[in-house]
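Okay, so here's the structure we're looking at.
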Amino acid sequence: MQTYRLDDPSVLQKHLAGKYRVYQMATGTEGNASWQPDVDGESISGGQRPPLSSAKTLFFSEQENLFSFDGECFRETLPTPEPFAVFGVHSCDLTAIAYQDQFFADDPYYQARRKQALLVGIDCITPCENGFCPTVDAGPGVSQSCADLILHCRQDGSWWLLVCNDKGVRAITGLDLDRAEDTALQTREQAIDSCKQQFADDGYLIDGIRVLHEEKMPEKFWQDVGLQCLACSGCTILCPTCSCYGTREKLVDDNRVEVERFWDSCLYESFQREASQHNPTLEPGQRVRRFWTHKFGNEFVETFDRYGCVGCGRCEETCPGVIGVHSIMKRLSKYA
Amino acid sequence: MHSLTPTPIKLISYDHDGEKARHFTFGLLDPKAMAAPEPGQFFMLHVPGAGAAPFTFTRPPDSQGVFRALVRQMGSVTSALFDCEPGSILGVRGPFGKGWEISPLKDRRVLIIAGGCGLAPLVSLTDHLIMQQYCNELVLLYGSRSAAASVLNPERERWGKDIPVIDILENRGHKHIGLTGTPMDAIDMVINRMKAIPDVLLLCGPEIMMQSVAREFVRRGLDAKQIWLAIERRMHCAVGTCGHCYMEHQYACKDGPTYRWDALQKLVARQSADRQAAYHC
């Protein structure tokens, strides 16, 4: 992995803007950061926390047309984005993108966007409020396998740029950068280790996950937790690995129908309800239990080689019913 | 890559086949547009403007691309389908899922128990088993709500010339003679009619019926590994990505819809098993 010195990430950003449409975090009027294209004036900082909305919407669109029907033919409506760079993605969200790369490996809509994307990661050098990425092997340092380029903010405020693969090499071609000192990677590892040490005690998380695996909690646990689920879908919308979707028909005119898919939520009462009204997950506790086993179940690890949770903590931040990941794991850990 | 875009079909004709049920004949506009399905596999039927829903092939596409499917009017998609006239252009994707395991049926005594429209996923399998004289013994027990609600009457009549076909109706009405009750009530009679307790049991119908019957046969000594069943779930994509048909870590569209009974138990143990509609497609 080649490493370069970078005085300011904006140098890289401007260079990439000549080749890609650059998305980066931008702060909205309500103070929440989200991914926006062609942002001017916002700088990137080493201590920046992930935005409330993850980058998954850039690949798995919140709503998109799948195909149209003109009365005779069905026509696939694949997206055709220009090459784009996602600038400054944190390790948790990059791990989630790698997870969804696998889940949507055969999804032409996801892959049409994904193949056009350059991922520029950023190492976290301080823990964020609800994050626990080290516990689930998703950070705080960006894995070389999850990004094309990695930015690392040094203690003196200057940066290192790590080039992960050929795509990264092509992206920085034409940029005049000095090679970093030989000790750069080692120093980076030390900074990441230091960041890991600053995370809060994760004992209750580990205990809670074990209780979930061993099913030590009583069945009533999920009934009680289910009562606190308002089915608002905040957790599934913000979760960077959640991927459920529904489809709906849009009548454009008398002769044309467009079929759209949209983010759905497995926590909605109607999610599995069939036309006959039979509903295999009628009780909210059943749905909440499945959500958490989807995030931490060993069966999913067999498929994806990791948990479905990347430790971003967004569910904790958004859940009005106080059953986000920290709240759930604290309660589960009592059965350890 | 998966395609979520349907291929066009024409609604050729339909027969009324039981209460609010029709047996449709469709034709692929391009006869080569779909791979040959295995018995028990399903397809997604797209009714433009209404949506899509999964249905099983009662007859797989022939060389002209003509295939059949039984549909009971139940929700918005099927209601829109029932408003379509022959000649209408609709869409199809498939075939999807895992069909019936056929090799375990070779030279065995096989009992098929179906309820309501649950007979549909067993039609092409039954045709195959009879035509190939594949089993040592083959018996069909069919339960439905009433004579009016019974489906696939021509098929059962046809099969009745080759194998025992036993009907049982929940509400028989005063004009009719025959068995009254659910398939559970006919188990003794069916076993007495067979040479011995069946080697293999195939089930499709309301989940509560399938579970009850399977448990009863296990109680009577049938190996749980010799019971196979097909289940119904809500589906949008049929390729294991939309999430709607999840059962624990599996997806019925991809890992099912046919399962060995003992394997299914781990997946549905915590799901609501009650059927609010007793017999439906």
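We label chains A, B, ... in the order they appear in the structure tokens, count residues from 1 in each chain, and number ligands from 1 in the order shown.
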
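Proximity to Asp166 (chain A) at 10 Å, evaluated using only C-alpha atoms and with sequence-adjacent residues fewer than 3 positions away removed, yields A:Asp148, A:Leu149, A:Val163, A:Val169, A:Arg170, A:Ala171.
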
Selection: 12 Å around Ala214 (chain B), only C-alpha atoms, excl. self and same-chain fewer than 4 positions, as a PyMOL selection string: chain B and resi 111-113+183-184+187+200-205+207-210+218-229+260-262+264-265

Now that the selection is made, can you save its residues with N, CA, C and O atoms as a CSV table (one decimal), in the first residue's frame?
```csv
chain,number,residue,atom,x,y,z
B,111,LEU,N,-47.9,-40.3,-0.1
B,111,LEU,CA,-49.2,-39.7,0.1
B,111,LEU,C,-49.1,-38.2,0.0
B,111,LEU,O,-48.2,-37.5,0.5
B,112,ILE,N,-50.0,-37.6,-0.9
B,112,ILE,CA,-50.1,-36.2,-1.0
B,112,ILE,C,-51.3,-35.7,-0.3
B,112,ILE,O,-52.4,-36.2,-0.5
B,113,ILE,N,-51.1,-34.7,0.5
B,113,ILE,CA,-52.3,-34.1,1.2
B,113,ILE,C,-52.2,-32.6,0.9
B,113,ILE,O,-51.2,-31.9,1.2
B,183,PRO,N,-58.5,-32.5,6.4
B,183,PRO,CA,-57.6,-33.7,6.1
B,183,PRO,C,-57.3,-34.5,7.4
B,183,PRO,O,-57.1,-35.7,7.3
B,184,MET,N,-57.1,-33.8,8.5
B,184,MET,CA,-56.8,-34.5,9.8
B,184,MET,C,-57.8,-35.6,10.1
B,184,MET,O,-57.5,-36.7,10.6
B,187,ILE,N,-57.2,-39.1,8.1
B,187,ILE,CA,-55.9,-39.8,8.1
B,187,ILE,C,-56.1,-41.3,8.3
B,187,ILE,O,-55.5,-42.1,7.5
B,200,VAL,N,-43.4,-41.6,2.3
B,200,VAL,CA,-43.2,-40.1,2.1
B,200,VAL,C,-44.5,-39.4,2.1
B,200,VAL,O,-45.5,-39.9,1.5
B,201,LEU,N,-44.5,-38.2,2.7
B,201,LEU,CA,-45.7,-37.4,2.8
B,201,LEU,C,-45.4,-36.0,2.2
B,201,LEU,O,-44.4,-35.4,2.5
B,202,LEU,N,-46.2,-35.6,1.2
B,202,LEU,CA,-46.1,-34.3,0.6
B,202,LEU,C,-47.3,-33.4,1.0
B,202,LEU,O,-48.4,-33.9,0.9
B,203,LEU,N,-47.0,-32.2,1.4
B,203,LEU,CA,-48.1,-31.3,1.9
B,203,LEU,C,-48.1,-30.0,1.3
B,203,LEU,O,-47.0,-29.4,1.1
B,204,CYS,N,-49.2,-29.5,1.0
B,204,CYS,CA,-49.3,-28.0,0.7
B,204,CYS,C,-50.7,-27.6,0.9
B,204,CYS,O,-51.7,-28.2,0.6
B,205,GLY,N,-50.8,-26.4,1.7
B,205,GLY,CA,-52.1,-25.9,2.0
B,205,GLY,C,-51.9,-24.9,3.2
B,205,GLY,O,-50.8,-24.4,3.4
B,207,GLU,N,-50.9,-23.3,6.5
B,207,GLU,CA,-49.8,-23.8,7.3
B,207,GLU,C,-50.2,-24.6,8.6
B,207,GLU,O,-49.6,-25.5,9.0
B,208,ILE,N,-51.3,-24.1,9.1
B,208,ILE,CA,-51.8,-24.8,10.4
B,208,ILE,C,-52.2,-26.2,10.0
B,208,ILE,O,-52.0,-27.2,10.8
B,209,MET,N,-52.8,-26.4,8.9
B,209,MET,CA,-53.2,-27.8,8.4
B,209,MET,C,-51.9,-28.6,8.2
B,209,MET,O,-51.8,-29.8,8.7
B,210,MET,N,-50.9,-28.1,7.5
B,210,MET,CA,-49.7,-28.8,7.2
B,210,MET,C,-49.0,-29.2,8.5
B,210,MET,O,-48.5,-30.4,8.7
B,218,VAL,N,-45.8,-38.0,12.2
B,218,VAL,CA,-44.6,-38.2,13.0
B,218,VAL,C,-45.0,-39.0,14.2
B,218,VAL,O,-44.4,-40.0,14.6
B,219,ARG,N,-46.1,-38.7,14.8
B,219,ARG,CA,-46.6,-39.4,16.0
B,219,ARG,C,-46.9,-40.9,15.6
B,219,ARG,O,-46.7,-41.8,16.4
B,220,ARG,N,-47.4,-41.0,14.4
B,220,ARG,CA,-47.7,-42.4,14.0
B,220,ARG,C,-46.5,-43.2,13.5
B,220,ARG,O,-46.6,-44.3,13.0
B,221,GLY,N,-45.3,-42.5,13.5
B,221,GLY,CA,-44.1,-43.3,13.2
B,221,GLY,C,-43.4,-42.9,11.9
B,221,GLY,O,-42.3,-43.4,11.6
B,222,LEU,N,-43.9,-42.0,11.2
B,222,LEU,CA,-43.3,-41.6,9.9
B,222,LEU,C,-42.0,-40.7,10.3
B,222,LEU,O,-42.1,-39.8,11.1
B,223,ASP,N,-40.9,-41.0,9.6
B,223,ASP,CA,-39.7,-40.2,9.9
B,223,ASP,C,-39.9,-38.8,9.4
B,223,ASP,O,-40.4,-38.6,8.3
B,224,ALA,N,-39.6,-37.8,10.3
B,224,ALA,CA,-39.8,-36.4,9.9
B,224,ALA,C,-39.1,-36.0,8.7
B,224,ALA,O,-39.4,-35.1,8.0
B,225,LYS,N,-38.0,-36.8,8.4
B,225,LYS,CA,-37.2,-36.4,7.2
B,225,LYS,C,-37.9,-36.9,5.9
B,225,LYS,O,-37.4,-36.6,4.8
B,226,GLN,N,-39.0,-37.6,6.0
B,226,GLN,CA,-39.8,-38.0,4.9
B,226,GLN,C,-41.0,-37.2,4.6
B,226,GLN,O,-41.9,-37.6,3.9
B,227,ILE,N,-41.1,-36.0,5.3
B,227,ILE,CA,-42.2,-35.1,5.1
B,227,ILE,C,-41.7,-33.9,4.4
B,227,ILE,O,-40.8,-33.2,4.8
B,228,TRP,N,-42.4,-33.5,3.3
B,228,TRP,CA,-42.0,-32.3,2.5
B,228,TRP,C,-43.2,-31.5,2.4
B,228,TRP,O,-44.3,-31.9,2.2
B,229,LEU,N,-43.0,-30.2,2.4
B,229,LEU,CA,-44.1,-29.3,2.2
B,229,LEU,C,-43.7,-28.0,1.5
B,229,LEU,O,-42.5,-27.6,1.4
B,260,ARG,N,-38.1,-29.6,3.6
B,260,ARG,CA,-38.3,-30.8,4.4
B,260,ARG,C,-38.8,-30.3,5.7
B,260,ARG,O,-38.4,-29.3,6.3
B,261,TRP,N,-39.8,-31.0,6.2
B,261,TRP,CA,-40.6,-30.5,7.4
B,261,TRP,C,-39.7,-30.2,8.6
B,261,TRP,O,-39.8,-29.2,9.2
B,262,ASP,N,-38.8,-31.2,8.9
B,262,ASP,CA,-37.9,-31.0,10.1
B,262,ASP,C,-37.0,-29.7,9.9
B,262,ASP,O,-36.7,-29.0,10.9
B,264,LEU,N,-37.8,-27.1,8.2
B,264,LEU,CA,-38.6,-25.9,8.3
B,264,LEU,C,-39.0,-25.5,9.8
B,264,LEU,O,-39.1,-24.3,10.1
B,265,GLN,N,-39.0,-26.5,10.6
B,265,GLN,CA,-39.5,-26.2,12.0
B,265,GLN,C,-38.6,-25.2,12.7
B,265,GLN,O,-39.1,-24.3,13.4
```

Those in region 53-88 of chain B with alpha helix (DSSP H) from DSSP, as a list in words: Ser76, Val77, Thr78, Ser79, Ala80, Leu81 and Phe82 of chain B

Taking only C-alpha atoms into account, produce a table as a tab-separated table in which each residue of chain A with an atom at most 9 Å from an atom of chain B appears once, together with its shortest atom pair and the distance in Å to one decimal, ordered by chain and rising number.
```
residue	atom	partner	partner_atom	distance
A:Leu66	CA	B:Leu4	CA	7.0
A:Phe67	CA	B:Thr5	CA	6.0
A:Ser68	CA	B:Thr5	CA	8.5
A:Phe69	CA	B:Pro48	CA	7.1
A:Gly71	CA	B:Ile89	CA	7.0
A:Glu72	CA	B:Ile89	CA	6.4
A:Cys73	CA	B:Pro8	CA	6.4
A:Phe74	CA	B:Pro6	CA	6.3
A:Arg75	CA	B:Thr5	CA	7.0
A:Glu76	CA	B:Thr5	CA	5.7
A:Thr77	CA	B:Thr5	CA	8.8
A:Phe103	CA	B:Thr241	CA	7.5
A:Phe104	CA	B:Thr241	CA	7.3
A:Ala105	CA	B:Met1	CA	7.7
A:Asp106	CA	B:Met1	CA	4.2
A:Asp107	CA	B:His2	CA	5.8
A:Pro108	CA	B:Met1	CA	5.9
A:Ser243	CA	B:Cys242	CA	7.1
A:Cys244	CA	B:Cys242	CA	4.8
A:Tyr245	CA	B:Cys242	CA	4.8
A:Gly246	CA	B:Cys242	CA	6.5
A:Thr247	CA	B:His236	CA	6.7
A:Arg248	CA	B:Gly51	CA	6.6
A:Glu249	CA	B:Gly49	CA	5.4
A:Lys250	CA	B:Gly49	CA	6.8
A:Leu251	CA	B:Gly49	CA	6.3
A:Arg256	CA	B:Gly49	CA	8.8
A:Val257	CA	B:Gly49	CA	6.1
A:Glu258	CA	B:Gly49	CA	8.2
A:Val259	CA	B:Gly51	CA	8.2
A:Asp264	CA	B:Cys242	CA	8.4
A:Ser265	CA	B:Gly243	CA	9.0
A:Cys266	CA	B:His244	CA	7.4
A:Phe271	CA	B:His244	CA	6.3
A:Gln272	CA	B:His244	CA	5.5
A:Arg273	CA	B:Arg234	CA	6.7
A:Glu274	CA	B:Arg234	CA	5.3
A:Ala275	CA	B:Gly75	CA	5.0
A:Ser276	CA	B:Ala277	CA	6.0
A:Gln277	CA	B:Gln276	CA	6.6
A:His278	CA	B:Gln276	CA	5.6
A:Asn279	CA	B:Ser272	CA	6.8
A:Pro280	CA	B:Ser272	CA	4.4
A:Thr281	CA	B:Gln271	CA	5.5
A:Leu282	CA	B:Ser272	CA	6.4
A:Glu283	CA	B:Ser272	CA	7.9
A:Gln286	CA	B:Arg270	CA	7.0
A:Arg290	CA	B:Glu248	CA	6.6
A:Thr293	CA	B:Glu248	CA	7.9
A:His294	CA	B:His249	CA	7.0
A:Gly297	CA	B:His249	CA	8.2
A:Glu299	CA	B:His249	CA	6.4
A:Phe300	CA	B:His249	CA	6.6
```

List the neighbours of Ile168 (chain B) out to 7 Å using only C-alpha atoms; skip same-chain residues closer than 4 positions along the sequence, and give me the result as a ChimeraX atom specification. /B:142-144,179-183

Contacts of His16 (chain B) at 12 Å (only C-alpha atoms; same-chain gap of 3+ positions) as a ChimeraX atom specification: /B:13,19-25,70-73,82,148-154

With only C-alpha atoms as the atoms that count, which of A:Asp305, A:Arg49, A:Phe60, A:Val322 lies nearest to Leu227 (chain A)? A:Val322

Mind listing the strand (DSSP E or B) residues of region 27-261 of chain A, per DSSP on the backbone, as a ChimeraX atom specification? /A:27,33-37,63-69,74-76,84-90,117-122,149-153,159-163,179,245-253,256-261

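Comparing A:Gln63, A:Thr183, A:Ala17, A:Ala191 by their smallest distance to Phe262 (chain A), the closest is A:Gln63 (using only C-alpha atoms).
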
Quick one: pull the distance between CA of Pro240 (chain A) and CA of Tyr335 (chain A), Å, one decimal. 28.3 Å

Selection: 12 Å around Gln197 (chain A), only C-alpha atoms, excl. self and same-chain fewer than 4 positions, as number ranges by chain: A: 125-127, 132-135, 140, 190-193, 201-202
